[in-house]
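Please read the structure below before turning to the comments.
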Amino acid sequence: MLIGLVSKQEQAVELWPGIHAVRLLGSTAYLIVEDELTLIDAGLAGSGRPLRRYLEGIGRSQADIARIVCTHNHPDHIGGVREIAFGHETEVLMHPADSARLRIRWRDVVARPTPSTFVALITRGPEDAHPVLDGQVIPCLGGLRVVHTPGHTPGSICLYAASLKLLFVGDVLQVLRGRLAFASQFFSDDMAEAKRSIAKLAALDVEVIAFAHYAPWRDRARDALRELSAAS
Ligand SMILES: [Zn+2]
Ligand SMILES: [Zn+2]
């Protein structure tokens with residue numbers, strides 16, 4: 001069952017009991033509240049403060065965050081990682097292709113001057129991120145499976161909670177004019193690959209799609225994914 005609790009004060013929506021969509025600076029992060037906390041994405045730099053306020057509101061603290069899973073390496077998703085993880089035993093998880101991209105140098109940008117390479121150059125990443133790979137299962141929500149969906153960035157991942165038929169997609173999908181759509185062409189590294197990656201998502205049994213920049217999609221999600229995949 002879905003619960004659409006909206007608290008304007010806290011700027012959060014509880015998608016399911018224990019899964020909170022928390023609006024941070026620049027994007028929405030998802031806080032999974034179990035004995036230990038899992039945070040999916042961390043907003044822009046400066047997001048530590050609104051997150052701490054939110055945690056206080058639910059009687060938890062930053063020290064309870066066991067892990068931060070980064071859907072990809074864009075600054076509106078990883079900018080807040082350092083300040084949230086700093087001083088705590090918080091594990092930071094990122095696909096190695098995105099960790100590698102953050103080590104890009106000027107000469108690489110000059111060789112391939114695109115918005116995506118330039119954004120990577122100016123983004124400060126968590127240097128000590130642990131690699132997560134396709135198929136790996138993160139120990140929360142009864143098993144949160146990593147689906148590597150490259151294209152928006154080389155290491156973009158989606159996270160699938162089979163028990164809830166819930167899919168976290170980061171920026172791999174958008175909602176444009178009320179329709180499910182491919183990632184932003186302007187900000188994506190390889191659009192052809194981004195489109196091909198949707199086939200992996202279309203193979204999953206999904207009822208709800210949780211985005212970083214849009215309200216959750218609950219309308220025939222599986223069919224919408226299949227239609228989009230067929231259009232790629
Ligand atoms: Zn984003
Ligand atoms: Zn992005």
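Residues in the structure tokens are named by chain (A, B, ... in the order shown) and by number from 1 within that chain; ligands are numbered from 1 in the order shown.
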- request: Give the residues close to ligand 2, within 9 Å, counting only C-alpha atoms and all ligand atoms; write them as a ChimeraX atom specification.
  value: /A:71-77,152-153,156,170-172,183-184,187-188,212
Keeping only N, CA, C and O atoms, write the selected residues to a file as a compact mmCIF listing (two decimals), in the first residue's frame.
```txt
# COMPACT_ATOMS: atom_id res chain seq x y z
N THR A 71 23.56 7.41 -6.92
CA THR A 71 23.03 6.90 -8.19
C THR A 71 23.97 7.27 -9.34
O THR A 71 24.04 6.55 -10.32
N HIS A 72 24.67 8.40 -9.21
CA HIS A 72 25.68 8.80 -10.19
C HIS A 72 26.45 9.98 -9.65
O HIS A 72 26.15 10.49 -8.58
N ASN A 73 27.45 10.43 -10.43
CA ASN A 73 28.42 11.36 -9.87
C ASN A 73 28.13 12.83 -10.13
O ASN A 73 29.03 13.67 -10.00
N HIS A 74 26.91 13.21 -10.50
CA HIS A 74 26.65 14.63 -10.73
C HIS A 74 26.58 15.38 -9.40
O HIS A 74 26.18 14.82 -8.38
N PRO A 75 26.97 16.68 -9.45
CA PRO A 75 27.10 17.43 -8.19
C PRO A 75 25.80 17.59 -7.40
O PRO A 75 25.86 17.77 -6.19
N ASP A 76 24.66 17.50 -8.07
CA ASP A 76 23.39 17.61 -7.32
C ASP A 76 23.02 16.29 -6.64
O ASP A 76 21.99 16.19 -5.98
N HIS A 77 23.89 15.28 -6.79
CA HIS A 77 23.64 13.98 -6.15
C HIS A 77 24.74 13.60 -5.15
O HIS A 77 24.48 12.88 -4.20
N HIS A 152 23.62 8.15 -18.91
CA HIS A 152 23.53 9.51 -18.33
C HIS A 152 24.92 9.88 -17.80
O HIS A 152 25.44 10.95 -18.08
N THR A 153 25.51 8.97 -17.04
CA THR A 153 26.95 8.99 -16.75
C THR A 153 27.41 7.54 -16.96
O THR A 153 26.57 6.63 -16.99
N SER A 156 26.12 5.35 -13.97
CA SER A 156 24.77 5.54 -13.42
C SER A 156 24.19 4.19 -13.00
O SER A 156 24.28 3.21 -13.74
N GLY A 170 17.41 7.75 -10.00
CA GLY A 170 18.30 8.91 -10.09
C GLY A 170 17.88 9.79 -11.25
O GLY A 170 16.72 10.22 -11.32
N ASP A 171 18.81 10.03 -12.20
CA ASP A 171 18.49 10.86 -13.38
C ASP A 171 18.39 10.03 -14.66
O ASP A 171 18.40 10.59 -15.76
N VAL A 172 18.32 8.73 -14.52
CA VAL A 172 18.27 7.86 -15.71
C VAL A 172 16.96 8.04 -16.48
O VAL A 172 16.89 7.79 -17.68
N ALA A 183 16.70 10.18 -20.14
CA ALA A 183 17.51 11.16 -19.40
C ALA A 183 17.73 12.42 -20.23
O ALA A 183 17.61 12.40 -21.46
N SER A 184 18.09 13.48 -19.56
CA SER A 184 18.36 14.75 -20.23
C SER A 184 19.49 14.60 -21.25
O SER A 184 20.59 14.14 -20.91
N PHE A 187 22.70 16.86 -20.44
CA PHE A 187 23.59 16.48 -19.34
C PHE A 187 24.08 15.03 -19.42
O PHE A 187 24.82 14.59 -18.55
N SER A 188 23.64 14.30 -20.45
CA SER A 188 24.03 12.89 -20.49
C SER A 188 25.32 12.69 -21.28
O SER A 188 25.60 13.38 -22.25
N ALA A 212 14.93 11.56 -8.92
CA ALA A 212 15.64 12.56 -8.11
C ALA A 212 15.05 13.96 -8.28
O ALA A 212 15.28 14.83 -7.46
```
message: I'd like the contact shell of Leu201 in chain A - 9 Å cut-off, only C-alpha atoms, skipping same-chain residues fewer than 5 positions apart - returned as a list in words.
response: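 Once the adjacent positions are removed, what remains is Val147, Thr149, Cys158, Leu167, Val206, Arg222, Leu225, Arg226 and Ser229 of chain A.
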query: Taking the backbone alone, and naming residues the way the document does, which bits of range 15-120 of chain A are helix (DSSP H, G or I) by DSSP, as a PyMOL selection string?
result: chain A and resi 48-57+62-64+75-78+81-85+96-101+106-111+115-120
Put those residues in a file: N, CA and C atoms, as a compact mmCIF listing (two decimals), in the first residue's frame.
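Full text of part.txt as output:
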```
# COMPACT_ATOMS: atom_id res chain seq x y z
N GLY A 48 23.90 18.88 3.98
CA GLY A 48 24.03 18.26 5.29
C GLY A 48 23.07 18.88 6.30
N ARG A 49 22.93 20.19 6.21
CA ARG A 49 22.11 20.91 7.19
C ARG A 49 20.62 20.52 7.10
N PRO A 50 20.01 20.65 5.90
CA PRO A 50 18.59 20.23 5.83
C PRO A 50 18.40 18.75 6.17
N LEU A 51 19.39 17.93 5.85
CA LEU A 51 19.26 16.51 6.17
C LEU A 51 19.29 16.30 7.69
N ARG A 52 20.23 16.99 8.37
CA ARG A 52 20.31 16.85 9.84
C ARG A 52 19.01 17.30 10.49
N ARG A 53 18.43 18.38 9.96
CA ARG A 53 17.16 18.89 10.51
C ARG A 53 16.08 17.83 10.33
N TYR A 54 16.07 17.21 9.18
CA TYR A 54 15.06 16.19 8.91
C TYR A 54 15.24 14.99 9.84
N LEU A 55 16.49 14.58 10.00
CA LEU A 55 16.78 13.42 10.87
C LEU A 55 16.35 13.71 12.31
N GLU A 56 16.62 14.93 12.77
CA GLU A 56 16.19 15.29 14.13
C GLU A 56 14.69 15.16 14.25
N GLY A 57 13.98 15.59 13.20
CA GLY A 57 12.51 15.53 13.20
C GLY A 57 11.96 14.12 13.34
N GLN A 62 22.72 11.75 12.15
CA GLN A 62 23.63 11.50 11.04
C GLN A 62 24.49 10.25 11.30
N ALA A 63 24.81 10.02 12.55
CA ALA A 63 25.65 8.87 12.90
C ALA A 63 24.95 7.55 12.60
N ASP A 64 23.63 7.58 12.44
CA ASP A 64 22.88 6.34 12.15
C ASP A 64 22.96 5.96 10.67
N PRO A 75 26.97 16.68 -9.45
CA PRO A 75 27.10 17.43 -8.19
C PRO A 75 25.80 17.59 -7.40
N ASP A 76 24.66 17.50 -8.07
CA ASP A 76 23.39 17.61 -7.32
C ASP A 76 23.02 16.29 -6.64
N HIS A 77 23.89 15.28 -6.79
CA HIS A 77 23.64 13.98 -6.15
C HIS A 77 24.74 13.60 -5.15
N ILE A 78 25.97 14.10 -5.41
CA ILE A 78 27.07 13.72 -4.50
C ILE A 78 27.69 14.90 -3.77
N VAL A 81 27.82 14.53 -0.02
CA VAL A 81 28.31 13.27 0.55
C VAL A 81 29.34 13.49 1.66
N ARG A 82 30.35 14.32 1.37
CA ARG A 82 31.44 14.49 2.35
C ARG A 82 30.90 14.99 3.69
N GLU A 83 30.10 16.04 3.65
CA GLU A 83 29.66 16.64 4.91
C GLU A 83 28.71 15.71 5.68
N ILE A 84 28.00 14.84 4.97
CA ILE A 84 27.08 13.92 5.65
C ILE A 84 27.85 12.73 6.23
N ALA A 85 28.86 12.26 5.49
CA ALA A 85 29.60 11.08 5.93
C ALA A 85 30.74 11.44 6.89
N PRO A 96 32.18 2.10 -10.04
CA PRO A 96 33.57 2.49 -10.32
C PRO A 96 33.74 3.32 -11.59
N ALA A 97 32.84 3.15 -12.56
CA ALA A 97 32.97 3.96 -13.79
C ALA A 97 32.74 5.44 -13.48
N ASP A 98 31.89 5.73 -12.50
CA ASP A 98 31.68 7.14 -12.13
C ASP A 98 32.80 7.66 -11.23
N SER A 99 33.35 6.79 -10.39
CA SER A 99 34.51 7.21 -9.58
C SER A 99 35.67 7.54 -10.51
N ALA A 100 35.86 6.71 -11.53
CA ALA A 100 36.95 6.94 -12.49
C ALA A 100 36.73 8.25 -13.24
N ARG A 101 35.49 8.51 -13.64
CA ARG A 101 35.20 9.73 -14.39
C ARG A 101 35.52 10.99 -13.59
N TRP A 106 42.00 18.14 -17.30
CA TRP A 106 41.73 19.15 -18.31
C TRP A 106 41.97 18.62 -19.72
N ARG A 107 43.08 17.89 -19.86
CA ARG A 107 43.40 17.44 -21.23
C ARG A 107 42.34 16.47 -21.77
N ASP A 108 41.67 15.72 -20.86
CA ASP A 108 40.58 14.84 -21.31
C ASP A 108 39.38 15.68 -21.78
N VAL A 109 39.15 16.77 -21.04
CA VAL A 109 38.02 17.64 -21.40
C VAL A 109 38.29 18.32 -22.73
N VAL A 110 39.53 18.73 -22.93
CA VAL A 110 39.89 19.38 -24.19
C VAL A 110 39.73 18.38 -25.34
N ALA A 111 40.09 17.12 -25.08
CA ALA A 111 39.97 16.09 -26.12
C ALA A 111 38.50 15.78 -26.42
N PRO A 115 29.35 18.99 -22.13
CA PRO A 115 28.88 19.39 -20.79
C PRO A 115 29.22 18.33 -19.76
N SER A 116 29.12 17.06 -20.17
CA SER A 116 29.32 15.97 -19.22
C SER A 116 30.77 15.86 -18.73
N THR A 117 31.74 16.03 -19.63
CA THR A 117 33.14 15.95 -19.18
C THR A 117 33.48 17.19 -18.34
N PHE A 118 32.93 18.34 -18.72
CA PHE A 118 33.23 19.55 -17.96
C PHE A 118 32.64 19.47 -16.55
N VAL A 119 31.40 18.98 -16.45
CA VAL A 119 30.78 18.83 -15.12
C VAL A 119 31.64 17.91 -14.26
N ALA A 120 32.14 16.82 -14.85
CA ALA A 120 32.97 15.87 -14.09
C ALA A 120 34.25 16.55 -13.60
```
query: Looking only at the backbone, which of the residues in range 130-212 of chain A does DSSP tag as strand (DSSP E), as a VMD selection string?
result: chain A and resid 130 to 131 137 to 138 144 to 148 157 to 161 166 to 170 173 to 176 179 to 182 208 to 211
Residue among A:Ala42, A:Ala231, A:Ile209, A:Ala21 lying closest to Val175 in chain A, counting only C-alpha atoms: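 Selected residue with least distance to Val175 in chain A: A:Ile209.
Nearest residue to ligand 1 among A:Ile198, A:Asp35, A:Ile138, A:Tyr214 is A:Tyr214, counting only C-alpha atoms and all ligand atoms.
For Asp128 in chain A, the list of residues within 10 Å, based on only C-alpha atoms and with local chain neighbours fewer than 3 positions off taken out, reads A:Glu91, A:Val92, A:Leu93, A:Met94, A:Ser99, A:Gly125, A:Pro131.
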- request: Name the closest residue to Ile68 in chain A among the candidates A:Gly155, A:Gly46, A:Gly178, A:Pro126; distances are taken between atoms, counting only C-alpha atoms.
  value: A:Pro126
field: Computed interatomic separation between CA of Trp217 in chain A and CA of Leu180 in chain A (Å)
entry: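 Here the two named atoms are 8.3 Å from each other.
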message: Under the rule that only C-alpha atoms and all ligand atoms are counted, which of A:Ser232, A:Ser27, A:Ser47, A:Thr90 is the nearest residue to ligand 1?
response: A:Ser27
field: Selected residue of minimal separation from ligand 1 among A:Thr123, A:Gln136, A:Gln174, A:Thr114, counting only C-alpha atoms and all ligand atoms
entry: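 Residue with the minimum atom-to-atom distance to ligand 1: A:Gln174.
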- request: For Tyr160 in chain A, work out the shell of residues within 6 Å, counting only C-alpha atoms and skipping chain neighbours fewer than 4 positions away, then give it as a PyMOL selection string.
  value: chain A and resi 144-145+166-167
